file upload-v2.pdb (PDB, C-alpha atoms and all ligand atoms)
ATOM      1  CA  PRO X  83    -229.825 159.960 -29.727
ATOM      2  CA  THR X  84    -231.088 159.357 -33.231
ATOM      3  CA  VAL X  85    -229.147 157.011 -35.504
ATOM      4  CA  LEU X  86    -229.472 156.500 -39.262
ATOM      5  CA  GLY X  87    -230.182 152.804 -39.810
ATOM      6  CA  ILE X  88    -229.698 151.345 -43.282
ATOM      7  CA  ASP X  89    -230.623 147.817 -44.390
ATOM      8  CA  ILE X  90    -229.407 146.711 -47.827
ATOM      9  CA  GLY X  91    -231.159 143.551 -49.031
ATOM     10  CA  GLY X  92    -231.196 141.553 -52.237
ATOM     11  CA  THR X  93    -234.481 143.126 -53.328
ATOM     12  CA  LYS X  94    -234.922 146.363 -51.418
ATOM     13  CA  THR X  95    -233.008 148.851 -49.297
ATOM     14  CA  MET X  96    -234.451 150.652 -46.291
ATOM     15  CA  ALA X  97    -233.139 153.766 -44.591
ATOM     16  CA  ALA X  98    -234.636 154.996 -41.330
ATOM     17  CA  LEU X  99    -234.118 157.486 -38.554
ATOM     18  CA  VAL X 100    -234.230 155.384 -35.391
ATOM     19  CA  SER X 101    -234.313 156.454 -31.775
ATOM     20  CA  GLY X 102    -234.503 154.110 -28.783
ATOM     21  CA  GLY X 103    -235.828 151.184 -30.801
ATOM     22  CA  THR X 104    -238.464 153.239 -32.618
ATOM     23  CA  VAL X 105    -238.500 154.243 -36.271
ATOM     24  CA  ILE X 106    -239.184 157.962 -36.626
ATOM     25  CA  GLU X 107    -239.122 158.127 -40.427
ATOM     26  CA  ASP X 108    -238.230 155.615 -43.084
ATOM     27  CA  MET X 109    -237.892 155.186 -46.821
ATOM     28  CA  ILE X 110    -237.611 152.122 -49.056
ATOM     29  CA  VAL X 111    -235.898 151.999 -52.442
ATOM     30  CA  PRO X 112    -235.331 149.000 -54.712
ATOM     31  CA  THR X 113    -231.756 147.656 -54.554
ATOM     32  CA  ALA X 114    -230.251 148.395 -57.983
ATOM     33  CA  ARG X 115    -228.723 144.925 -58.040
ATOM     34  CA  GLU X 116    -226.322 145.473 -60.928
ATOM     35  CA  ALA X 117    -225.070 148.919 -59.853
ATOM     36  CA  GLY X 118    -222.759 147.763 -57.033
ATOM     37  CA  PRO X 119    -221.981 149.075 -53.531
ATOM     38  CA  ASP X 120    -220.332 152.403 -54.460
ATOM     39  CA  ALA X 121    -223.463 153.391 -56.371
ATOM     40  CA  TRP X 122    -225.787 152.156 -53.595
ATOM     41  CA  LEU X 123    -223.969 154.260 -50.988
ATOM     42  CA  ALA X 124    -223.886 157.357 -53.195
ATOM     43  CA  SER X 125    -227.589 157.101 -53.928
ATOM     44  CA  LEU X 126    -228.428 156.466 -50.249
ATOM     45  CA  ALA X 127    -226.435 159.529 -49.177
ATOM     46  CA  GLN X 128    -228.385 161.568 -51.697
ATOM     47  CA  SER X 129    -231.822 160.249 -50.814
ATOM     48  CA  THR X 130    -231.235 160.723 -47.056
ATOM     49  CA  SER X 131    -229.556 164.146 -47.384
ATOM     50  CA  ALA X 132    -232.610 165.932 -45.979
ATOM     51  CA  TRP X 133    -232.091 163.991 -42.701
ATOM     52  CA  SER X 134    -228.362 164.725 -42.379
ATOM     53  CA  GLY X 135    -228.663 167.227 -39.511
ATOM     54  CA  ARG X 136    -230.747 164.820 -37.442
ATOM     55  CA  PHE X 137    -228.282 161.992 -36.650
ATOM     56  CA  ARG X 138    -224.638 161.589 -35.635
ATOM     57  CA  ARG X 139    -223.974 157.926 -36.286
ATOM     58  CA  ILE X 140    -224.878 155.400 -38.954
ATOM     59  CA  GLY X 141    -225.495 151.667 -38.709
ATOM     60  CA  ILE X 142    -225.543 149.665 -41.942
ATOM     61  CA  ALA X 143    -226.962 146.139 -42.136
ATOM     62  CA  VAL X 144    -226.204 144.137 -45.265
ATOM     63  CA  THR X 145    -226.793 140.677 -46.656
ATOM     64  CA  GLY X 146    -223.558 138.654 -46.598
ATOM     65  CA  LEU X 147    -220.499 138.486 -44.350
ATOM     66  CA  VAL X 148    -219.314 141.572 -42.495
ATOM     67  CA  GLU X 149    -215.995 141.365 -40.719
ATOM     68  CA  ASP X 150    -213.561 144.131 -39.727
ATOM     69  CA  GLY X 151    -215.710 146.608 -41.635
ATOM     70  CA  ARG X 152    -215.374 144.649 -44.871
ATOM     71  CA  TRP X 153    -218.297 143.172 -46.757
ATOM     72  CA  SER X 154    -218.275 139.989 -48.842
ATOM     73  CA  ALA X 155    -221.023 137.984 -50.504
ATOM     74  CA  LEU X 156    -221.548 134.475 -49.182
ATOM     75  CA  ASN X 157    -224.118 133.639 -51.858
ATOM     76  CA  PRO X 158    -223.490 135.998 -54.817
ATOM     77  CA  ALA X 159    -226.878 134.949 -56.237
ATOM     78  CA  THR X 160    -228.592 136.877 -53.415
ATOM     79  CA  LEU X 161    -226.511 140.000 -54.047
ATOM     80  CA  GLY X 162    -223.170 140.282 -55.813
ATOM     81  CA  ILE X 163    -220.517 142.134 -53.747
ATOM     82  CA  PRO X 164    -216.823 142.498 -54.604
ATOM     83  CA  ASP X 165    -214.914 140.325 -52.119
ATOM     84  CA  GLY X 166    -213.773 142.272 -49.046
ATOM     85  CA  TYR X 167    -215.484 145.523 -50.063
ATOM     86  CA  PRO X 168    -214.373 148.226 -47.557
ATOM     87  CA  LEU X 169    -217.919 149.111 -46.508
ATOM     88  CA  VAL X 170    -217.211 151.056 -43.315
ATOM     89  CA  GLU X 171    -214.410 153.095 -44.893
ATOM     90  CA  ARG X 172    -216.393 153.972 -48.043
ATOM     91  CA  ALA X 173    -219.641 154.696 -46.203
ATOM     92  CA  SER X 174    -217.869 156.930 -43.637
ATOM     93  CA  ALA X 175    -216.329 158.878 -46.526
ATOM     94  CA  VAL X 176    -219.601 159.203 -48.443
ATOM     95  CA  PHE X 177    -221.714 160.214 -45.420
ATOM     96  CA  GLY X 178    -218.990 162.043 -43.455
ATOM     97  CA  LYS X 179    -220.087 160.368 -40.204
ATOM     98  CA  PRO X 180    -219.021 157.368 -38.115
ATOM     99  CA  VAL X 181    -220.366 154.103 -39.508
ATOM    100  CA  CYS X 182    -220.758 150.599 -38.072
ATOM    101  CA  ALA X 183    -221.696 147.639 -40.245
ATOM    102  CA  PHE X 184    -223.270 144.287 -39.435
ATOM    103  CA  ASN X 185    -224.876 141.379 -41.213
ATOM    104  CA  ASP X 186    -228.557 142.157 -41.847
ATOM    105  CA  ALA X 187    -230.095 139.103 -40.207
ATOM    106  CA  GLN X 188    -227.787 139.360 -37.197
ATOM    107  CA  ALA X 189    -228.849 143.007 -36.836
ATOM    108  CA  ALA X 190    -232.506 141.989 -37.140
ATOM    109  CA  ALA X 191    -231.982 139.267 -34.529
ATOM    110  CA  TRP X 192    -230.647 141.912 -32.168
ATOM    111  CA  GLY X 193    -233.599 144.204 -32.903
ATOM    112  CA  GLU X 194    -236.123 141.439 -32.243
ATOM    113  CA  TYR X 195    -234.237 140.334 -29.111
ATOM    114  CA  LYS X 196    -234.128 143.775 -27.580
ATOM    115  CA  PHE X 197    -237.257 145.516 -28.844
ATOM    116  CA  GLY X 198    -239.455 142.881 -30.511
ATOM    117  CA  ALA X 199    -240.684 139.320 -30.198
ATOM    118  CA  GLY X 200    -237.661 138.154 -28.165
ATOM    119  CA  GLN X 201    -238.486 140.330 -25.154
ATOM    120  CA  GLY X 202    -234.930 140.027 -23.919
ATOM    121  CA  ARG X 203    -234.879 136.200 -24.019
ATOM    122  CA  ASP X 204    -232.391 134.194 -26.079
ATOM    123  CA  ILE X 205    -233.675 133.739 -29.622
ATOM    124  CA  VAL X 206    -232.753 132.503 -33.021
ATOM    125  CA  PHE X 207    -234.040 134.794 -35.741
ATOM    126  CA  LEU X 208    -234.720 133.541 -39.243
ATOM    127  CA  THR X 209    -235.477 135.756 -42.196
ATOM    128  CA  ILE X 210    -237.095 134.063 -45.156
ATOM    129  CA  SER X 211    -236.675 136.560 -47.979
ATOM    130  CA  THR X 212    -234.757 136.775 -51.302
ATOM    131  CA  GLY X 213    -232.347 134.400 -49.553
ATOM    132  CA  ILE X 214    -232.474 132.962 -46.041
ATOM    133  CA  GLY X 215    -230.555 134.582 -43.216
ATOM    134  CA  GLY X 216    -230.445 134.246 -39.483
ATOM    135  CA  GLY X 217    -229.003 135.501 -36.256
ATOM    136  CA  ILE X 218    -228.370 134.003 -32.836
ATOM    137  CA  VAL X 219    -228.619 135.712 -29.473
ATOM    138  CA  CYS X 220    -227.139 133.404 -26.850
ATOM    139  CA  ASN X 221    -226.799 134.328 -23.171
ATOM    140  CA  GLY X 222    -227.712 137.883 -24.142
ATOM    141  CA  ARG X 223    -224.916 138.158 -26.735
ATOM    142  CA  LEU X 224    -225.302 138.499 -30.492
ATOM    143  CA  LEU X 225    -223.063 135.963 -32.235
ATOM    144  CA  SER X 226    -221.158 137.537 -35.136
ATOM    145  CA  GLY X 227    -219.178 136.341 -38.154
ATOM    146  CA  LEU X 228    -220.707 133.362 -39.919
ATOM    147  CA  ALA X 229    -222.940 132.407 -36.983
ATOM    148  CA  GLY X 230    -226.583 132.139 -37.977
ATOM    149  CA  HIS X 231    -226.146 131.864 -41.740
ATOM    150  CA  PHE X 232    -228.727 129.090 -41.842
ATOM    151  CA  GLY X 233    -229.489 129.671 -45.517
ATOM    152  CA  LEU X 234    -226.026 128.368 -46.324
ATOM    153  CA  ILE X 235    -226.165 125.091 -44.419
ATOM    154  CA  ARG X 236    -226.116 122.143 -46.775
ATOM    155  CA  GLY X 237    -227.113 119.117 -44.714
ATOM    156  CA  LEU X 238    -230.842 119.580 -45.256
ATOM    157  CA  SER X 239    -230.815 119.713 -49.046
ATOM    158  CA  GLU X 240    -230.812 116.615 -51.198
ATOM    159  CA  ASP X 241    -228.049 117.766 -53.531
ATOM    160  CA  ARG X 242    -225.961 119.356 -50.749
ATOM    161  CA  ALA X 243    -226.536 122.807 -52.207
ATOM    162  CA  PRO X 244    -227.116 125.706 -49.780
ATOM    163  CA  LEU X 245    -230.526 125.321 -48.128
ATOM    164  CA  GLU X 246    -231.715 128.705 -49.421
ATOM    165  CA  ASP X 247    -231.275 127.505 -53.005
ATOM    166  CA  SER X 248    -234.223 125.163 -52.439
ATOM    167  CA  THR X 249    -236.304 127.266 -50.034
ATOM    168  CA  SER X 250    -235.973 131.065 -50.464
ATOM    169  CA  GLY X 251    -237.929 133.646 -52.468
ATOM    170  CA  ARG X 252    -235.538 133.174 -55.379
ATOM    171  CA  TRP X 253    -236.221 129.451 -55.313
ATOM    172  CA  ILE X 254    -239.993 129.975 -55.142
ATOM    173  CA  ALA X 255    -239.847 132.214 -58.234
ATOM    174  CA  SER X 256    -237.630 129.706 -60.059
ATOM    175  CA  GLN X 257    -240.087 126.891 -59.292
ATOM    176  CA  ALA X 258    -242.954 129.010 -60.631
ATOM    177  CA  LEU X 259    -241.017 129.475 -63.858
ATOM    178  CA  LYS X 260    -240.505 125.719 -64.085
ATOM    179  CA  ALA X 261    -244.265 125.282 -63.685
ATOM    180  CA  GLY X 262    -244.742 127.691 -66.587
ATOM    181  CA  PHE X 263    -245.561 130.898 -64.689
ATOM    182  CA  LYS X 264    -243.476 134.054 -64.767
ATOM    183  CA  ALA X 265    -244.189 135.058 -61.171
ATOM    184  CA  ASP X 266    -242.143 136.383 -58.257
ATOM    185  CA  ALA X 267    -242.560 134.877 -54.798
ATOM    186  CA  ALA X 268    -245.206 137.443 -53.843
ATOM    187  CA  ASP X 269    -247.304 136.425 -56.868
ATOM    188  CA  VAL X 270    -246.899 132.749 -56.002
ATOM    189  CA  PHE X 271    -248.221 133.444 -52.483
ATOM    190  CA  GLY X 272    -251.178 135.365 -53.898
ATOM    191  CA  ARG X 273    -252.048 132.458 -56.193
ATOM    192  CA  ALA X 274    -251.614 129.944 -53.355
ATOM    193  CA  LEU X 275    -254.097 131.934 -51.267
ATOM    194  CA  LYS X 276    -256.540 131.854 -54.198
ATOM    195  CA  GLY X 277    -256.309 128.071 -54.111
ATOM    196  CA  GLU X 278    -254.058 127.416 -57.120
ATOM    197  CA  ALA X 279    -252.609 124.005 -56.286
ATOM    198  CA  TRP X 280    -249.245 124.370 -58.060
ATOM    199  CA  ALA X 281    -248.527 127.562 -56.093
ATOM    200  CA  GLY X 282    -249.640 126.031 -52.789
ATOM    201  CA  ALA X 283    -247.341 123.077 -53.380
ATOM    202  CA  ILE X 284    -244.293 125.308 -53.880
ATOM    203  CA  VAL X 285    -245.020 127.365 -50.750
ATOM    204  CA  SER X 286    -245.636 124.193 -48.774
ATOM    205  CA  GLN X 287    -242.312 122.683 -49.850
ATOM    206  CA  SER X 288    -240.465 125.804 -48.740
ATOM    207  CA  ALA X 289    -242.323 125.805 -45.404
ATOM    208  CA  SER X 290    -241.543 122.143 -44.814
ATOM    209  CA  ARG X 291    -237.812 122.778 -45.231
ATOM    210  CA  VAL X 292    -238.007 125.677 -42.790
ATOM    211  CA  ALA X 293    -239.830 123.410 -40.313
ATOM    212  CA  THR X 294    -237.003 120.859 -40.462
ATOM    213  CA  LEU X 295    -234.512 123.675 -40.043
ATOM    214  CA  CYS X 296    -236.350 124.888 -36.914
ATOM    215  CA  ARG X 297    -236.299 121.423 -35.418
ATOM    216  CA  ASP X 298    -232.550 121.159 -35.991
ATOM    217  CA  ILE X 299    -231.938 124.638 -34.589
ATOM    218  CA  GLN X 300    -233.819 123.665 -31.423
ATOM    219  CA  MET X 301    -231.491 120.714 -30.962
ATOM    220  CA  MET X 302    -228.364 122.743 -31.647
ATOM    221  CA  LEU X 303    -229.065 125.917 -29.694
ATOM    222  CA  ASP X 304    -232.290 125.379 -27.691
ATOM    223  CA  PRO X 305    -233.450 129.007 -28.013
ATOM    224  CA  LYS X 306    -236.471 130.210 -26.005
ATOM    225  CA  SER X 307    -238.100 131.204 -29.289
ATOM    226  CA  ILE X 308    -237.426 131.084 -32.994
ATOM    227  CA  VAL X 309    -238.521 134.397 -34.472
ATOM    228  CA  ILE X 310    -239.480 134.302 -38.152
ATOM    229  CA  GLY X 311    -239.251 137.409 -40.333
ATOM    230  CA  GLY X 312    -238.692 138.422 -43.955
ATOM    231  CA  SER X 313    -241.417 139.137 -46.503
ATOM    232  CA  ILE X 314    -241.910 135.418 -47.098
ATOM    233  CA  GLY X 315    -241.696 134.384 -43.446
ATOM    234  CA  LEU X 316    -244.318 137.001 -42.615
ATOM    235  CA  ALA X 317    -246.517 136.351 -45.664
ATOM    236  CA  GLU X 318    -250.067 135.273 -44.862
ATOM    237  CA  GLY X 319    -250.271 131.575 -44.079
ATOM    238  CA  TYR X 320    -246.536 130.823 -44.197
ATOM    239  CA  LEU X 321    -245.868 130.487 -40.465
ATOM    240  CA  ASP X 322    -248.978 128.324 -40.098
ATOM    241  CA  ARG X 323    -247.645 126.021 -42.804
ATOM    242  CA  VAL X 324    -244.278 125.790 -41.006
ATOM    243  CA  ARG X 325    -246.093 124.925 -37.765
ATOM    244  CA  ALA X 326    -248.191 122.311 -39.569
ATOM    245  CA  HIS X 327    -245.056 120.704 -40.998
ATOM    246  CA  LEU X 328    -243.479 120.616 -37.539
ATOM    247  CA  GLY X 329    -246.369 118.328 -36.647
ATOM    248  CA  GLU X 330    -246.582 116.514 -33.362
ATOM    249  CA  VAL X 331    -243.387 116.994 -31.405
ATOM    250  CA  PRO X 332    -243.164 116.308 -27.662
ATOM    251  CA  PRO X 333    -243.635 119.721 -26.006
ATOM    252  CA  ARG X 334    -240.123 119.995 -24.579
ATOM    253  CA  LEU X 335    -238.618 119.295 -28.005
ATOM    254  CA  SER X 336    -240.817 121.652 -29.998
ATOM    255  CA  SER X 337    -239.871 125.185 -30.980
ATOM    256  CA  ASP X 338    -241.789 128.254 -29.903
ATOM    257  CA  LEU X 339    -242.251 129.830 -33.335
ATOM    258  CA  VAL X 340    -243.228 133.483 -33.335
ATOM    259  CA  ALA X 341    -243.615 136.106 -36.039
ATOM    260  CA  ALA X 342    -241.119 138.943 -36.020
ATOM    261  CA  LYS X 343    -242.758 141.848 -34.241
ATOM    262  CA  LEU X 344    -240.727 144.635 -35.792
ATOM    263  CA  ALA X 345    -241.593 143.207 -39.232
ATOM    264  CA  GLY X 346    -239.630 144.992 -41.946
ATOM    265  CA  HIS X 347    -238.042 147.344 -39.414
ATOM    266  CA  ALA X 348    -236.088 144.727 -37.433
ATOM    267  CA  GLY X 349    -232.865 145.298 -39.383
ATOM    268  CA  VAL X 350    -232.760 149.076 -39.146
ATOM    269  CA  ILE X 351    -233.833 149.069 -35.489
ATOM    270  CA  GLY X 352    -231.248 146.431 -34.564
ATOM    271  CA  VAL X 353    -228.384 147.981 -36.478
ATOM    272  CA  ALA X 354    -229.169 151.444 -35.111
ATOM    273  CA  ASP X 355    -228.957 150.085 -31.564
ATOM    274  CA  LEU X 356    -225.718 148.214 -32.322
ATOM    275  CA  ALA X 357    -224.259 151.402 -33.854
ATOM    276  CA  GLU X 358    -225.316 153.476 -30.881
ATOM    277  CA  TRP X 359    -223.430 151.260 -28.434
ATOM    278  CA  ALA X 360    -220.437 150.366 -30.634
ATOM    279  CA  LYS X 361    -217.159 151.997 -29.664
TER     280      LYS X 361
HETATM  281  P1  LIG O   1    -234.846 141.351 -48.883
HETATM  282  O1  LIG O   1    -234.566 139.976 -49.386
HETATM  283  O2  LIG O   1    -234.405 142.430 -49.834
HETATM  284  O3  LIG O   1    -234.376 141.576 -47.491
HETATM  285  P2  LIG O   1    -237.716 140.834 -48.412
HETATM  286  O4  LIG O   1    -237.657 140.345 -47.007
HETATM  287  O5  LIG O   1    -238.842 141.777 -48.743
HETATM  288  O6  LIG O   1    -236.419 141.581 -48.908
HETATM  289  O7  LIG O   1    -237.832 139.547 -49.357
HETATM  290  C1  LIG O   1    -238.035 139.670 -50.726
HETATM  291  C2  LIG O   1    -238.726 138.415 -51.215
HETATM  292  O8  LIG O   1    -240.038 138.334 -50.630
HETATM  293  C3  LIG O   1    -238.932 138.381 -52.715
HETATM  294  O9  LIG O   1    -238.743 137.040 -53.136
HETATM  295  C4  LIG O   1    -240.399 138.808 -52.893
HETATM  296  O10 LIG O   1    -240.986 138.250 -54.070
HETATM  297  C5  LIG O   1    -241.033 138.211 -51.654
HETATM  298  N1  LIG O   1    -242.222 138.939 -51.197
HETATM  299  C6  LIG O   1    -242.391 140.282 -51.101
HETATM  300  N2  LIG O   1    -243.623 140.582 -50.638
HETATM  301  C7  LIG O   1    -244.261 139.409 -50.427
HETATM  302  C8  LIG O   1    -245.569 139.034 -49.964
HETATM  303  N3  LIG O   1    -246.477 139.948 -49.626
HETATM  304  N4  LIG O   1    -245.862 137.727 -49.863
HETATM  305  C9  LIG O   1    -244.950 136.788 -50.202
HETATM  306  N5  LIG O   1    -243.712 137.067 -50.663
HETATM  307  C10 LIG O   1    -243.363 138.353 -50.770
END

call {"tool": "encode", "arguments": {"input": "upload-v2.pdb", "output": "structure tokens"}}
result
Amino acid sequence: PTVLGIDIGGTKTMAALVSGGTVIEDMIVPTAREAGPDAWLASLAQSTSAWSGRFRRIGIAVTGLVEDGRWSALNPATLGIPDGYPLVERASAVFGKPVCAFNDAQAAAWGEYKFGAGQGRDIVFLTISTGIGGGIVCNGRLLSGLAGHFGLIRGLSEDRAPLEDSTSGRWIASQALKAGFKADAADVFGRALKGEAWAGAIVSQSASRVATLCRDIQMMLDPKSIVIGGSIGLAEGYLDRVRAHLGEVPPRLSSDLVAAKLAGHAGVIGVADLAEWAK
């Protein structure tokens, strides 16, 4: 059966009709960051209204913490959400269909595990995007709650701030501004590829922090692979820089780093599958 998968991120929102791990149709709209969740749901219901006869269930993946159908921001800088927003209740009312909700990176981890780069083997998924998210599939189970929120770990940053505050797309843009350039992360990558040293240095710093994170994850969870997604994780040259920063590690201790195979669709594919099987 076809499920409507929705993925609300700090920069963009995707909606897709998904069947058996395949996207049939999709659309992307910018996330109107200041408008808030009621407005996002209302506008999504409107923009997907032409699809309404084609699915019975809805899976929504969102950045932040999802528990008991309620949604809260963990890092309000990525996307501001009222604490404990009743996401499942409001979305069911707006769409008039059963809704399940999950964290976006956990949903993407499930998508990559089942239909993408994980090939059914235990993985840790990392998304390097506006913020940094992650998901853990261990012994074939997706860990829920706070598990996998690697962007919020503090041990790797000098000032004990959340890791994403010194690594993510938001950080890359803020560093560009400090260097005197009004550029978003995508621009910084473009300039790095053209050989502009200041841009290359920022990207490299981000990649080196992700490399250290991967090494620590290997020691904590020993996944078969670490799957890297997100627009930054998948940007040209980024994964190679992470690998270069990993350097020489004895083979048994090194991580198998692979690019997310479902690319931008991992979240909607994963959440659609989770919604299909949820009771
Ligand atoms: P979200 O955070 O909404 O899930 P993305 O995974 O697309 O969305 O991440 C958005 C971040 O990725 C922004 O910081 C944006 O500037 C950056 N970005 C988008 N496209 C590219 C690109 N081609 N190369 C590098 N960075 C990109």

call {"tool": "atom_distance", "arguments": {"input": "upload-v2.pdb", "atom1": "CA of Arg139 in chain X", "atom2": "CA of Leu86 in chain X"}}
result
6.4 Å

call {"tool": "closest_atom_pairs", "arguments": {"input": "upload-v2.pdb", "of": "chain X", "to": "ligand LIG 1 (chain O)", "cutoff": "10 Å", "atoms": "all atoms listed in the file", "output": "Markdown table"}}
result
| residue | atom | partner | partner_atom | distance |
| --- | --- | --- | --- | --- |
| X:Asp89 | CA | O:LIG1 | O3 | 7.9 |
| X:Ile90 | CA | O:LIG1 | O2 | 6.9 |
| X:Gly91 | CA | O:LIG1 | O2 | 3.5 |
| X:Gly92 | CA | O:LIG1 | O2 | 4.1 |
| X:Thr93 | CA | O:LIG1 | O2 | 3.6 |
| X:Lys94 | CA | O:LIG1 | O2 | 4.3 |
| X:Thr95 | CA | O:LIG1 | O2 | 6.6 |
| X:Met96 | CA | O:LIG1 | O2 | 9.0 |
| X:Pro112 | CA | O:LIG1 | O2 | 8.2 |
| X:Thr113 | CA | O:LIG1 | O2 | 7.5 |
| X:Val144 | CA | O:LIG1 | O3 | 8.8 |
| X:Thr145 | CA | O:LIG1 | O3 | 7.7 |
| X:Thr160 | CA | O:LIG1 | O1 | 7.8 |
| X:Leu161 | CA | O:LIG1 | O2 | 9.3 |
| X:Asp186 | CA | O:LIG1 | O3 | 8.1 |
| X:Ala187 | CA | O:LIG1 | O3 | 8.8 |
| X:Thr209 | CA | O:LIG1 | O4 | 7.0 |
| X:Ile210 | CA | O:LIG1 | O4 | 6.6 |
| X:Ser211 | CA | O:LIG1 | O7 | 3.5 |
| X:Thr212 | CA | O:LIG1 | O1 | 3.7 |
| X:Gly213 | CA | O:LIG1 | O1 | 6.0 |
| X:Ile214 | CA | O:LIG1 | O1 | 8.0 |
| X:Gly215 | CA | O:LIG1 | O3 | 9.0 |
| X:Ser250 | CA | O:LIG1 | O9 | 7.1 |
| X:Gly251 | CA | O:LIG1 | O9 | 3.6 |
| X:Arg252 | CA | O:LIG1 | O9 | 5.5 |
| X:Trp253 | CA | O:LIG1 | O9 | 8.3 |
| X:Ile254 | CA | O:LIG1 | O9 | 7.4 |
| X:Ala255 | CA | O:LIG1 | O9 | 7.1 |
| X:Ala265 | CA | O:LIG1 | O10 | 8.4 |
| X:Asp266 | CA | O:LIG1 | O10 | 4.7 |
| X:Ala267 | CA | O:LIG1 | O10 | 3.8 |
| X:Ala268 | CA | O:LIG1 | N5 | 3.5 |
| X:Asp269 | CA | O:LIG1 | C9 | 7.1 |
| X:Val270 | CA | O:LIG1 | C9 | 7.3 |
| X:Phe271 | CA | O:LIG1 | C9 | 5.2 |
| X:Gly272 | CA | O:LIG1 | N4 | 7.1 |
| X:Val285 | CA | O:LIG1 | C9 | 9.4 |
| X:Gly311 | CA | O:LIG1 | O4 | 7.5 |
| X:Gly312 | CA | O:LIG1 | O4 | 3.8 |
| X:Ser313 | CA | O:LIG1 | O4 | 4.0 |
| X:Ile314 | CA | O:LIG1 | N5 | 4.3 |
| X:Gly315 | CA | O:LIG1 | C9 | 7.9 |
| X:Leu316 | CA | O:LIG1 | N4 | 7.4 |
| X:Ala317 | CA | O:LIG1 | N4 | 4.5 |
| X:Glu318 | CA | O:LIG1 | N4 | 7.0 |
| X:Gly319 | CA | O:LIG1 | N4 | 9.5 |
| X:Tyr320 | CA | O:LIG1 | C9 | 8.6 |
| X:Ala345 | CA | O:LIG1 | O4 | 9.2 |
| X:Gly346 | CA | O:LIG1 | O4 | 7.1 |
| X:Gly349 | CA | O:LIG1 | O3 | 9.0 |

call {"tool": "residues_around", "arguments": {"input": "upload-v2.pdb", "residues": "range 194-198 of chain X", "least_positions_apart": "6", "cutoff": "7 Å", "atoms": "all atoms listed in the file", "output": "list in words"}}
result
Gly103, Ile205, Ala342, Lys343, Leu344 and Ala348 of chain X

call {"tool": "closest_atom_pairs", "arguments": {"input": "upload-v2.pdb", "of": "range 194-257 of chain X", "to": "range 289-301 of chain X", "cutoff": "10 Å", "atoms": "only C-alpha atoms", "output": "CSV"}}
result
residue,atom,partner,partner_atom,distance
X:Val206,CA,X:Ile299,CA,8.1
X:Leu208,CA,X:Cys296,CA,9.1
X:Ile210,CA,X:Val292,CA,8.8
X:Ile214,CA,X:Val292,CA,9.7
X:Gly230,CA,X:Ile299,CA,9.8
X:Phe232,CA,X:Leu295,CA,8.1
X:Gly233,CA,X:Leu295,CA,9.5
X:Ile235,CA,X:Leu295,CA,9.5
X:Gly237,CA,X:Leu295,CA,9.9
X:Leu238,CA,X:Leu295,CA,7.6
X:Ser239,CA,X:Arg291,CA,8.5
X:Leu245,CA,X:Arg291,CA,8.2
X:Glu246,CA,X:Arg291,CA,9.5
X:Ser248,CA,X:Arg291,CA,8.4
X:Thr249,CA,X:Arg291,CA,6.7
X:Ser250,CA,X:Val292,CA,9.6

call {"tool": "closest_residue", "arguments": {"input": "upload-v2.pdb", "among": "X:Val181, X:Pro333, X:Arg323, X:Arg236", "to": "Ala274 in chain X", "atoms": "only C-alpha atoms"}}
result
X:Arg323

call {"tool": "atom_distance", "arguments": {"input": "upload-v2.pdb", "atom1": "CA of Thr130 in chain X", "atom2": "CA of Ala97 in chain X"}}
result
7.6 Å

call {"tool": "axis_aligned_box", "arguments": {"input": "upload-v2.pdb", "around": "range 102-111 of chain X", "padding_each_side": "6 Å", "output": "lines of an AutoDock Vina configuration file"}}
result
center_x = -236.8
center_y = 154.7
center_z = -40.6
size_x = 16.7
size_y = 18.9
size_z = 35.7

call {"tool": "closest_residue", "arguments": {"input": "upload-v2.pdb", "among": "X:Gly146, X:Gly329, X:Gly277, X:Gly217", "to": "Leu303 in chain X", "atoms": "all atoms listed in the file"}}
result
X:Gly217

call {"tool": "atom_distance", "arguments": {"input": "upload-v2.pdb", "atom1": "CA of Ala191 in chain X", "atom2": "CA of Gly216 in chain X"}}
result
7.2 Å

call {"tool": "closest_residue", "arguments": {"input": "upload-v2.pdb", "among": "X:Phe177, X:Phe263, X:Phe207, X:Phe184", "to": "Gly141 in chain X", "atoms": "only C-alpha atoms"}}
result
X:Phe184

call {"tool": "residues_near_point", "arguments": {"input": "upload-v2.pdb", "point": "(-233.4, 157.1, -50.0)", "cutoff": "8 Å", "atoms": "all atoms listed in the file", "output": "list in words"}}
result
Met96, Ala97, Met109, Ile110, Val111, Ser125, Leu126, Ala127, Gln128, Ser129 and Thr130 of chain X

call {"tool": "closest_residue", "arguments": {"input": "upload-v2.pdb", "among": "X:Leu123, X:Ala279, X:Ala243, X:Ile142", "to": "Gly87 in chain X", "atoms": "only C-alpha atoms"}}
result
X:Ile142

call {"tool": "closest_residue", "arguments": {"input": "upload-v2.pdb", "among": "X:Leu156, X:Ala189, X:Val148, X:Leu328", "to": "Ala357 in chain X", "atoms": "all atoms listed in the file"}}
result
X:Ala189

call {"tool": "closest_residue", "arguments": {"input": "upload-v2.pdb", "among": "X:Val309, X:Leu99, X:Val324, X:Val85", "to": "Asp204 in chain X", "atoms": "only C-alpha atoms"}}
result
X:Val309

call {"tool": "residues_near_point", "arguments": {"input": "upload-v2.pdb", "point": "(-238.4, 155.2, -35.2)", "cutoff": "10 Å", "atoms": "all atoms listed in the file", "output": "PyMOL selection string"}}
result
chain X and resi 84-87+98-108+347+350-351+354

call {"tool": "decode", "arguments": {"input": "upload-v2.pdb", "residues": "range 345-353 of chain X", "atoms": "C-alpha atoms", "output": "short mmCIF file (atom, residue, chain, number, x, y, z; two decimals), in the first residue's frame"}}
result
data_model
loop_
_atom_site.label_atom_id
_atom_site.label_comp_id
_atom_site.auth_asym_id
_atom_site.auth_seq_id
_atom_site.Cartn_x
_atom_site.Cartn_y
_atom_site.Cartn_z
CA ALA X 345 20.01 10.41 -0.79
CA GLY X 346 17.34 12.99 -0.02
CA HIS X 347 14.62 10.34 0.01
CA ALA X 348 15.88 8.34 3.01
CA GLY X 349 13.59 10.13 5.48
CA VAL X 350 10.35 9.80 3.55
CA ILE X 351 11.09 6.19 2.56
CA GLY X 352 11.99 5.22 6.13
CA VAL X 353 9.07 6.97 7.77
#
